[in-house]
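Q: Hey, dropping query.txt in here, compact mmCIF, C-alpha atoms:
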```
# COMPACT_ATOMS: atom_id res chain seq x y z
CA MET A 1 26.29 -5.32 -5.41
CA LYS A 2 26.52 -8.74 -7.04
CA SER A 3 25.42 -9.07 -10.65
CA GLU A 4 22.17 -10.93 -11.26
CA SER A 5 21.65 -13.49 -13.99
CA LYS A 6 19.17 -12.80 -16.79
CA LYS A 7 16.79 -15.41 -15.38
CA GLU A 8 16.93 -13.84 -11.91
CA ILE A 9 15.88 -10.40 -13.15
CA GLU A 10 13.21 -11.43 -15.67
CA GLY A 11 10.62 -12.03 -12.94
CA PRO A 12 11.14 -8.70 -11.14
CA LEU A 13 11.13 -6.86 -14.48
CA GLU A 14 7.74 -8.38 -15.27
CA LEU A 15 6.50 -7.15 -11.89
CA TYR A 16 7.73 -3.63 -12.69
CA PHE A 17 5.90 -3.57 -16.02
CA GLU A 18 2.70 -4.70 -14.32
CA ILE A 19 3.08 -1.88 -11.80
CA LYS A 20 3.61 0.50 -14.72
CA LYS A 21 0.34 -0.68 -16.26
CA GLN A 22 -1.58 -0.26 -12.99
CA ARG A 23 -0.13 3.25 -12.62
CA GLU A 24 -2.03 4.31 -15.74
CA ASN A 25 -5.18 4.31 -13.59
CA ILE A 26 -3.67 5.93 -10.49
CA VAL A 27 -3.31 9.68 -10.03
CA SER A 28 -0.69 10.43 -7.40
CA PRO A 29 0.77 13.68 -5.99
CA VAL A 30 3.82 13.44 -8.25
CA ASP A 31 1.53 13.41 -11.31
CA THR A 32 -0.10 16.73 -10.44
CA MET A 33 2.55 18.47 -8.33
CA GLY A 34 5.88 16.94 -9.37
CA CYS A 35 8.89 19.01 -10.38
CA PHE A 36 8.10 18.65 -14.08
CA ILE A 37 4.62 20.23 -13.68
CA THR A 38 5.24 23.87 -14.52
CA PRO A 39 2.83 26.77 -15.01
CA PRO A 40 3.01 28.86 -18.21
CA TYR A 41 6.24 30.85 -18.34
CA ARG A 42 7.40 33.74 -20.49
CA THR A 43 10.72 32.16 -21.38
CA GLU A 44 12.33 28.73 -21.54
CA GLU A 45 14.90 29.93 -19.00
CA GLU A 46 12.15 30.62 -16.45
CA ARG A 47 10.64 27.16 -17.02
CA ARG A 48 13.98 25.44 -16.48
CA PHE A 49 14.72 27.54 -13.40
CA HIS A 50 11.32 26.57 -11.98
CA ILE A 51 12.21 22.88 -12.36
CA LEU A 52 15.58 23.40 -10.68
CA VAL A 53 14.08 25.26 -7.71
CA SER A 54 11.32 22.67 -7.33
CA LEU A 55 13.93 19.91 -7.22
CA LEU A 56 16.00 21.78 -4.64
CA LEU A 57 12.98 22.17 -2.35
CA SER A 58 11.70 18.63 -2.86
CA SER A 59 14.22 16.69 -0.76
CA GLN A 60 12.76 15.40 2.52
CA THR A 61 9.49 17.14 1.58
CA LYS A 62 6.13 15.91 0.30
CA ASP A 63 5.10 17.04 -3.18
CA GLU A 64 2.10 18.90 -1.78
CA VAL A 65 4.33 21.02 0.47
CA THR A 66 6.86 21.68 -2.29
CA HIS A 67 4.03 22.75 -4.61
CA GLU A 68 2.72 25.21 -2.02
CA ALA A 69 6.20 26.67 -1.50
CA MET A 70 6.63 27.14 -5.24
CA GLU A 71 3.34 29.02 -5.43
CA ARG A 72 4.43 31.31 -2.59
CA LEU A 73 7.71 32.05 -4.36
CA ARG A 74 5.85 32.96 -7.56
CA GLU A 75 3.45 35.22 -5.66
CA LEU A 76 5.79 36.87 -3.14
CA LEU A 77 8.98 37.48 -5.15
CA PRO A 78 10.80 39.76 -5.26
CA GLU A 79 10.94 41.01 -1.70
CA ASN A 80 9.96 44.61 -2.47
CA ALA A 81 7.21 43.78 -4.98
CA ALA A 82 4.48 44.75 -2.50
CA ILE A 83 5.65 48.39 -2.44
CA ASP A 84 6.49 48.83 -6.11
CA ASP A 85 3.83 48.01 -8.70
CA ASN A 86 6.34 48.39 -11.53
CA ILE A 87 8.32 45.33 -10.44
CA ARG A 88 7.37 42.12 -12.21
CA ARG A 89 6.54 39.40 -9.72
CA GLY A 90 7.48 35.79 -10.22
CA LEU A 91 10.04 33.08 -9.67
CA THR A 92 13.01 34.25 -11.70
CA ILE A 93 16.75 34.25 -11.16
CA GLU A 94 16.74 38.05 -10.92
CA ASN A 95 13.96 38.12 -8.31
CA ILE A 96 15.76 35.58 -6.12
CA VAL A 97 18.98 37.60 -6.36
CA ASN A 98 17.05 40.73 -5.35
CA SER A 99 15.45 39.07 -2.30
CA SER A 100 16.99 38.44 1.10
CA VAL A 101 17.59 34.95 2.45
CA ASP A 102 15.12 35.75 5.23
CA HIS A 103 12.37 36.58 2.74
CA ILE A 104 13.07 33.46 0.68
CA ASN A 105 13.02 31.43 3.89
CA GLU A 106 9.64 32.86 4.83
CA CYS A 107 8.25 31.79 1.44
CA ILE A 108 9.46 28.20 1.79
CA LYS A 109 9.18 27.78 5.57
CA ARG A 110 7.10 24.58 5.39
CA VAL A 111 9.60 22.53 3.38
CA GLY A 112 12.14 20.31 5.09
CA PHE A 113 15.45 22.00 6.00
CA HIS A 114 14.08 25.33 4.75
CA ASN A 115 16.81 27.43 6.38
CA LYS A 116 19.58 25.70 4.44
CA LYS A 117 17.53 25.53 1.25
CA ALA A 118 16.89 29.29 1.38
CA GLU A 119 20.63 29.91 1.63
CA ASN A 120 21.35 27.48 -1.20
CA LEU A 121 18.65 28.97 -3.44
CA LYS A 122 20.13 32.45 -3.01
CA LYS A 123 23.63 31.14 -3.83
CA ILE A 124 22.36 29.21 -6.85
CA ALA A 125 20.60 32.28 -8.26
CA GLU A 126 23.75 34.37 -7.89
CA ILE A 127 25.79 31.69 -9.68
CA LEU A 128 23.24 31.32 -12.48
CA LYS A 129 23.03 35.07 -13.01
CA LYS A 130 26.71 35.03 -13.92
CA LYS A 131 27.00 31.67 -15.68
CA GLY A 132 23.51 30.86 -16.95
CA LEU A 133 21.51 27.69 -16.40
CA PRO A 134 23.55 24.47 -16.42
CA LYS A 135 23.36 21.95 -19.25
CA ARG A 136 25.69 19.25 -17.91
CA MET A 137 25.56 16.91 -14.93
CA GLU A 138 28.86 18.13 -13.52
CA ASP A 139 27.68 21.74 -13.61
CA LEU A 140 24.45 20.80 -11.84
CA THR A 141 26.05 18.77 -9.06
CA SER A 142 28.50 21.61 -8.40
CA LEU A 143 25.56 23.78 -7.29
CA PRO A 144 24.87 23.86 -3.53
CA GLY A 145 22.18 21.37 -2.50
CA ILE A 146 21.93 19.62 -5.88
CA GLY A 147 22.87 15.92 -5.95
CA ASN A 148 22.73 13.15 -8.56
CA LYS A 149 19.02 12.42 -8.09
CA MET A 150 18.01 16.03 -8.73
CA ALA A 151 20.54 16.53 -11.52
CA ILE A 152 19.26 13.50 -13.44
CA LEU A 153 15.65 14.69 -13.16
CA TYR A 154 16.67 18.18 -14.27
CA MET A 155 18.48 16.82 -17.31
CA ASN A 156 15.45 14.64 -18.13
CA HIS A 157 12.74 17.29 -17.80
CA ALA A 158 14.47 20.64 -18.29
CA CYS A 159 16.98 19.71 -20.97
CA GLY A 160 15.30 16.71 -22.59
CA LYS A 161 18.40 14.55 -22.08
CA VAL A 162 18.05 11.10 -20.52
CA VAL A 163 21.32 10.52 -18.66
CA GLY A 164 20.30 8.06 -15.97
CA ILE A 165 17.66 6.81 -13.54
CA SER A 166 16.78 9.13 -10.69
CA VAL A 167 16.42 7.17 -7.46
CA ASP A 168 14.71 8.52 -4.36
CA THR A 169 13.39 6.73 -1.28
CA HIS A 170 10.30 5.42 -3.13
CA VAL A 171 12.26 4.03 -6.08
CA HIS A 172 14.84 2.50 -3.72
CA ARG A 173 12.19 0.89 -1.52
CA ILE A 174 10.03 -0.59 -4.27
CA SER A 175 12.97 -1.79 -6.37
CA ASN A 176 14.20 -3.78 -3.38
CA ARG A 177 10.75 -5.01 -2.39
CA ILE A 178 9.99 -6.51 -5.79
CA GLY A 179 13.51 -7.89 -6.22
CA LEU A 180 14.89 -5.69 -8.99
CA VAL A 181 17.94 -5.02 -6.81
CA LYS A 182 19.31 -5.94 -3.42
CA THR A 183 20.94 -2.74 -2.24
CA ARG A 184 21.47 -0.64 0.87
CA ASP A 185 21.55 2.89 -0.56
CA VAL A 186 20.08 4.90 -3.41
CA GLU A 187 23.31 5.21 -5.38
CA ASP A 188 23.78 1.43 -5.48
CA THR A 189 20.13 1.14 -6.51
CA ARG A 190 20.66 3.60 -9.36
CA GLU A 191 23.67 1.67 -10.63
CA GLY A 192 21.81 -1.62 -10.35
CA LEU A 193 18.69 -0.38 -12.12
CA GLU A 194 20.65 1.17 -14.97
CA LYS A 195 22.14 -2.26 -15.69
CA ILE A 196 18.80 -4.05 -16.01
CA ILE A 197 16.12 -1.49 -16.92
CA PRO A 198 15.77 -0.83 -20.68
CA LYS A 199 17.01 2.68 -21.44
CA LYS A 200 13.68 3.68 -22.97
CA GLU A 201 12.22 3.32 -19.45
CA TRP A 202 14.79 5.49 -17.68
CA LYS A 203 12.91 8.78 -17.95
CA THR A 204 9.57 7.47 -16.69
CA ILE A 205 10.54 4.89 -14.06
CA ASN A 206 11.01 7.57 -11.40
CA ARG A 207 7.51 9.01 -11.79
CA ILE A 208 5.96 5.54 -12.03
CA LEU A 209 7.54 4.17 -8.86
CA VAL A 210 7.33 7.43 -6.89
CA GLY A 211 3.60 7.59 -7.60
CA TYR A 212 3.19 3.94 -6.65
CA GLY A 213 5.14 4.54 -3.46
CA GLN A 214 2.93 7.50 -2.59
CA THR A 215 -0.32 5.59 -3.04
CA ILE A 216 0.06 1.79 -2.85
CA CYS A 217 3.53 0.57 -1.89
CA VAL A 218 3.93 3.05 0.96
CA ALA A 219 6.77 2.77 3.46
CA ARG A 220 4.68 1.72 6.44
CA ARG A 221 1.68 -0.56 6.14
CA PRO A 222 1.80 -0.97 2.34
CA ARG A 223 -1.60 -1.50 0.75
CA CYS A 224 -0.77 -4.94 -0.61
CA GLU A 225 -4.45 -5.80 -1.03
CA GLU A 226 -4.65 -3.06 -3.73
CA CYS A 227 -1.43 -4.08 -5.47
CA CYS A 228 -1.59 -5.81 -8.86
CA ILE A 229 1.39 -8.06 -8.05
CA ARG A 230 0.42 -8.98 -4.48
CA SER A 231 0.34 -12.72 -5.20
CA ARG A 232 3.88 -12.76 -6.62
CA CYS A 233 5.74 -9.95 -4.87
CA PRO A 234 8.44 -11.43 -2.59
CA SER A 235 7.75 -8.74 0.02
CA SER A 236 3.95 -8.85 -0.11
CA LEU A 237 2.19 -8.76 3.25
CA PHE A 238 -0.64 -10.54 1.44
CA ASN A 239 1.67 -13.50 0.80
CA ARG A 240 3.07 -13.43 4.31
CA LYS A 241 -0.37 -13.47 5.89
CA ALA A 242 -1.50 -16.31 3.62
CA SER A 243 1.63 -18.32 4.42
CA ALA A 244 1.27 -17.64 8.13
CA LEU A 245 -2.37 -18.75 8.02
CA LYS A 246 -1.48 -21.98 6.21
CA GLU A 247 1.29 -22.65 8.71
CA GLU A 248 -1.04 -21.95 11.62
CA ILE A 249 -3.67 -24.33 10.22
CA PHE A 250 -1.04 -27.00 9.56
CA TYR A 251 0.37 -26.90 13.06
CA SER A 252 -3.05 -26.70 14.69
CA VAL A 253 -4.08 -29.86 12.85
CA THR A 254 -0.87 -31.81 13.36
CA SER A 255 -0.65 -30.88 17.01
CA ILE A 256 -4.05 -32.40 17.88
CA ALA A 257 -3.41 -35.33 20.14
CA PRO A 258 -4.71 -38.65 18.80
CA VAL A 259 -7.84 -40.00 20.45
CA SER A 260 -6.83 -42.90 22.67
CA THR A 261 -8.68 -46.16 22.41
CA ILE A 262 -9.69 -47.82 25.64
CA SER A 263 -10.02 -51.56 25.62
CA PRO A 264 -13.02 -52.88 27.48
CA SER A 265 -12.04 -54.65 30.68
```
What is this file in C-alpha cells?
A:
Amino acid sequence: MKSESKKEIEGPLELYFEIKKQRENIVSPVDTMGCFITPPYRTEEERRFHILVSLLLSSQTKDEVTHEAMERLRELLPENAAIDDNIRRGLTIENIVNSSVDHINECIKRVGFHNKKAENLKKIAEILKKKGLPKRMEDLTSLPGIGNKMAILYMNHACGKVVGISVDTHVHRISNRIGLVKTRDVEDTREGLEKIIPKKEWKTINRILVGYGQTICVARRPRCEECCIRSRCPSSLFNRKASALKEEIFYSVTSIAPVSTISPS
C-alpha cells in the first residue's frame, strides 16, 4: 500500500471524526451485544473467558446470533447439568472441558461454521485449563480459530492493553469508502489505519465503524441519505445521483436541436 501524504489523509480523518460524532446518537447491535458486553461474573477469569468465546463465535456471524449462542452456553453448560443439581451451570473453562463437542455444537448451532467452532472451543478450553488465559498476542493467535482481529479486541477489552486496531469487514469497507486507505484486504487496512489514526482512537474505532456499518454504511444499498458526510464522502450514492442528475440535465439541454429559421419566400 502506498503511503499517503499528510494533506491526502486530513480530509478522510475529518470524515471519520464526524462519523464518530454521529455515532453518539446511534445505538447499534455491537453496542448492546458486542463481545465486550458481559453479564456479571464471579471471577475476572470468567469475564475474560466470556470475551474470548464471544470473539471466537463472532466471525461470519451477526452480533444478535452470537449473543443468543452465548446465552445458550451460559444456560446449558455443562452437558450433564440437567441431571445433577449440584453442578454449577455457566460458561466456564471447566464446563466446556466437561461437555462434548456435540453438546457445544448444539448450543451454538446458529452461528456461522458452528461445527468447526465447537471443535475449536473444546480445544481452547483444554489448552486454557493447563496454561491459563493468554495475556500476549502470540499466545492468543496460537489458539485454534483466533486471528489478529480477535486477538487485538481481546487484548483491548479483556486485558486493557491497546495493541492495535481490530479490522473486520465493516471497518475495512468504511475505511476504503471514505478514503482513509486504499486496500484490498483487512490486514493491509489494519496496517494503513495504524499509521494515520491517532493511537488514542485505536480502542474505539472498531466499535464506532462496526456500528456505523451495521446501521448506516451497510454493505449493500448504504443509507447515504442518513449519513452525516454524504455531501463529501467520495463513495456517496448521494453524490453520484446528484452528479448523474446534473450530467443528465446538461446533456438534455445541450442536445436540443436549434430551432431553424425559415426565410420568407
Q: With all atoms listed in the file as the basis for distance, which of A:Leu56, A:Ile165, A:Ala151, A:Cys227 is at the shortest distance from Val111 (chain A)?
A: A:Leu56
Q: Can you measure CA of Arg184 (chain A) to CA of Ser166 (chain A) for me? One decimal in Å is fine.
A: 15.8 Å
Q: So how far away is CA of Thr215 (chain A) from CA of Arg232 (chain A), in Å?
A: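 Between CA of Arg232 (chain A) and CA of Thr215 (chain A) the gap is 19.2 Å.
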Q: To one decimal in Å, tell me the separation between CA of Ile178 (chain A) and CA of Leu209 (chain A).
A: 11.4 Å
Q: Would you please work out which residue, of A:Asn25, A:Asn120, A:Ser58, A:Ser175, is nearest to Asn105 (chain A) when using all atoms listed in the file?
A: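 Using all atoms listed in the file, the shortest distance to Asn105 (chain A) belongs to A:Asn120.
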Q: Mind checking which residues fall within 9 Å of Pro78 (chain A), counting all atoms listed in the file, ignoring those fewer than 5 positions away in the same chain, and posting them as a PyMOL selection string?
A: chain A and resi 73+87-92+94-100+103-104
Q: Give me a file of those residues, with C-alpha atoms, as a PDB file, in the coordinates of the input.
A:
```pdb
ATOM      1  CA  LEU A  73       7.710  32.050  -4.360  1.00  0.00           C
ATOM      2  CA  ILE A  87       8.320  45.330 -10.440  1.00  0.00           C
ATOM      3  CA  ARG A  88       7.370  42.120 -12.210  1.00  0.00           C
ATOM      4  CA  ARG A  89       6.540  39.400  -9.720  1.00  0.00           C
ATOM      5  CA  GLY A  90       7.480  35.790 -10.220  1.00  0.00           C
ATOM      6  CA  LEU A  91      10.040  33.080  -9.670  1.00  0.00           C
ATOM      7  CA  THR A  92      13.010  34.250 -11.700  1.00  0.00           C
ATOM      8  CA  GLU A  94      16.740  38.050 -10.920  1.00  0.00           C
ATOM      9  CA  ASN A  95      13.960  38.120  -8.310  1.00  0.00           C
ATOM     10  CA  ILE A  96      15.760  35.580  -6.120  1.00  0.00           C
ATOM     11  CA  VAL A  97      18.980  37.600  -6.360  1.00  0.00           C
ATOM     12  CA  ASN A  98      17.050  40.730  -5.350  1.00  0.00           C
ATOM     13  CA  SER A  99      15.450  39.070  -2.300  1.00  0.00           C
ATOM     14  CA  SER A 100      16.990  38.440   1.100  1.00  0.00           C
ATOM     15  CA  HIS A 103      12.370  36.580   2.740  1.00  0.00           C
ATOM     16  CA  ILE A 104      13.070  33.460   0.680  1.00  0.00           C
TER      17      ILE A 104
END
```
Q: So that I can see what lies close to Val30 (chain A), please list as an MDAnalysis selection string the residues with an atom at most 8 Å from it, counting only C-alpha atoms and leaving out residues fewer than 4 positions away in the same chain.
A: chainID A and resid 34:35 63 207 210:211
Q: Skip region 124-141 of chain A itself and residues of its chain fewer than 6 positions away, then list as a list in words all residues within 10 Å of it, counting all atoms listed in the file.
A: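 So the residues in contact are Glu45, Glu46, Arg48, Phe49, Leu52, Val53, Thr92, Ile93, Glu94, Asn95, Ile96, Val97, Asn98, Ala118, Gly147, Asn148, Lys149, Met150, Ala151, Ile152, Tyr154, Met155, Ala158, Cys159, Lys161 and Val163 of chain A.
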Q: Using C-alpha atoms, can you write the selected residues to a file as a compact mmCIF listing (two decimals), keeping the file's coordinate frame?
A:
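The resulting file, part.txt, is reproduced below:
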```
# COMPACT_ATOMS: atom_id res chain seq x y z
CA GLU A 45 14.90 29.93 -19.00
CA GLU A 46 12.15 30.62 -16.45
CA ARG A 48 13.98 25.44 -16.48
CA PHE A 49 14.72 27.54 -13.40
CA LEU A 52 15.58 23.40 -10.68
CA VAL A 53 14.08 25.26 -7.71
CA THR A 92 13.01 34.25 -11.70
CA ILE A 93 16.75 34.25 -11.16
CA GLU A 94 16.74 38.05 -10.92
CA ASN A 95 13.96 38.12 -8.31
CA ILE A 96 15.76 35.58 -6.12
CA VAL A 97 18.98 37.60 -6.36
CA ASN A 98 17.05 40.73 -5.35
CA ALA A 118 16.89 29.29 1.38
CA GLY A 147 22.87 15.92 -5.95
CA ASN A 148 22.73 13.15 -8.56
CA LYS A 149 19.02 12.42 -8.09
CA MET A 150 18.01 16.03 -8.73
CA ALA A 151 20.54 16.53 -11.52
CA ILE A 152 19.26 13.50 -13.44
CA TYR A 154 16.67 18.18 -14.27
CA MET A 155 18.48 16.82 -17.31
CA ALA A 158 14.47 20.64 -18.29
CA CYS A 159 16.98 19.71 -20.97
CA LYS A 161 18.40 14.55 -22.08
CA VAL A 163 21.32 10.52 -18.66
```
Q: Hey, what's within 12 Å of Asp188 (chain A) if we count all atoms listed in the file and toss same-chain stuff fewer than 2 positions away? As a PyMOL selection string, please?
A: chain A and resi 1-3+165-168+171-172+175-176+180-186+190-195
